[in-house]
Amino acid sequence: GNSVTQMEGPVTLSEEAFLTINCTYTATGYPSLFWYVQYPGEGLQLLLKATKADDKGSNKGFEATYRKETTSFHLEKGSVQVSDSAVYFCALESNYKLTFGKGTLLTVNP
Amino acid sequence: AAGVIQSPRHLIKEKRETATLKCYPIPRHDTVYWYQQGPGQDPQFLISFYEKMQSDKGSIPDRFSAQQFSDYHSELNMSSLELGDSALYFCASSSGQGRNEQFFGPGTRLTVL
């Protein structure tokens, strides 16, 4: 079956540090890949997505590249802010439903 | 822009009671998905509907049922509630199926005592 594995947190960084959250997936076919963000007490918001190999999704300074050869979709940001503190979920879409990773809690300190 | 609306936002029930969660999709969205997120867990797909017909089923207990109505809103009915049903229940909607983005509602937090 489909599965998503992302690096376990929590991740704690200082403001302006570089962020990487690793995500790898197992799926049949060619799924679409997503990063969702969940701020405290809120729902899931789509951060970025990529629908085919070598696509790069980007939004709000975050980016991730769909790497078919390594089945990965790592999330990166060059300079994090305190407001980026949240839980980040990597997900894949296959057969019209999403499969999520376990989530990574990011805390950014001033 | 209109978003997915879920009601109620919070619900407290006793064991063995029933609960009904409602989801109102974004206007003109015809597909609704339900997900369950346990404490500290990732969201798990429960069930989905496309054009008022069930389109897929995930790890939904037999005690739960759901439907999508003619106005495309959806209801998740949960009976014989157990402590383990305490979770955040998300509804998402999309326009059609396939690789269309799913827009999530704020969730309903169900607490079973």
# chains A, B, ... in the order shown; residues from 1 in each chain; ligands from 1
call {"tool": "select_by_dssp", "arguments": {"residues": "chain A", "states": "strand (DSSP E or B)", "output": "MDAnalysis selection string"}}
result
chainID A and resid 3:6 11:14 19:21 23:26 32:38 44:50 56:59 62:65 67 72 75:77 86:94 97:100 104:109
call {"tool": "residues_around", "arguments": {"residues": "Pro61 in chain B", "least_positions_apart": "2", "cutoff": "9 Å", "atoms": "only C-alpha atoms", "output": "MDAnalysis selection string"}}
result
chainID B and resid 46 59 63:65 78
call {"tool": "interface_residues", "arguments": {"of": "chain B", "to": "chain A", "cutoff": "8 Å", "atoms": "only C-alpha atoms", "output": "MDAnalysis selection string"}}
result
chainID B and resid 33 41:45 90 97:99 103:107
call {"tool": "residues_around", "arguments": {"residues": "Ile12 in chain B", "least_positions_apart": "5", "cutoff": "12 Å", "atoms": "only C-alpha atoms", "output": "list in words"}}
result
Glu17, Thr18, Ala19, Thr20, Leu21, Leu81, Glu82, Leu83, Asp85, Ser86, Ala87, Leu88, Thr108, Arg109, Leu110, Thr111, Val112 and Leu113 of chain B
call {"tool": "residues_around", "arguments": {"residues": "Val80 in chain A", "least_positions_apart": "4", "cutoff": "6 Å", "atoms": "only C-alpha atoms", "output": "PyMOL selection string"}}
result
chain A and resi 15-17
call {"tool": "write_last_selection", "arguments": {"atoms": "N, CA, C and O atoms", "output": "compact mmCIF listing (two decimals), in the first residue's frame"}}
result
# COMPACT_ATOMS: atom_id res chain seq x y z
N GLU A 15 15.57 31.70 14.52
CA GLU A 15 15.10 32.50 13.39
C GLU A 15 16.23 32.69 12.38
O GLU A 15 17.39 32.87 12.76
N GLU A 16 15.87 32.64 11.10
CA GLU A 16 16.78 32.79 9.96
C GLU A 16 17.63 31.56 9.69
O GLU A 16 18.47 31.58 8.78
N ALA A 17 17.42 30.49 10.42
CA ALA A 17 18.15 29.25 10.13
C ALA A 17 17.57 28.58 8.90
O ALA A 17 16.45 28.87 8.46
call {"tool": "closest_residue", "arguments": {"among": "B:Gln54, B:Lys15, B:Gln67, B:Pro8", "to": "Ser79 in chain B", "atoms": "only C-alpha atoms"}}
result
B:Lys15
call {"tool": "residues_around", "arguments": {"residues": "Arg28 in chain B", "least_positions_apart": "2", "cutoff": "7 Å", "atoms": "only C-alpha atoms", "output": "list in words"}}
result
Ile26, Asp30 and Ser95 of chain B
call {"tool": "closest_residue", "arguments": {"among": "B:Glu75, B:Lys13, B:Tyr89, B:Ala2", "to": "His29 in chain B", "atoms": "only C-alpha atoms"}}
result
B:Ala2
call {"tool": "atom_distance", "arguments": {"atom1": "CA of Ser79 in chain A", "atom2": "CA of Thr107 in chain A"}}
result
13.2 Å
call {"tool": "residues_around", "arguments": {"residues": "Tyr66 in chain A", "least_positions_apart": "5", "cutoff": "6 Å", "atoms": "only C-alpha atoms", "output": "PDB file with C-alpha atoms, in the first residue's frame"}}
result
ATOM      1  CA  ALA A  53       8.586  14.011 -11.404  1.00  0.00           C
ATOM      2  CA  ASP A  54      11.062  16.921 -11.255  1.00  0.00           C
ATOM      3  CA  ASP A  55       8.285  19.420 -10.519  1.00  0.00           C
ATOM      4  CA  PHE A  73       9.851  15.266  -1.548  1.00  0.00           C
TER       5      PHE A  73
END
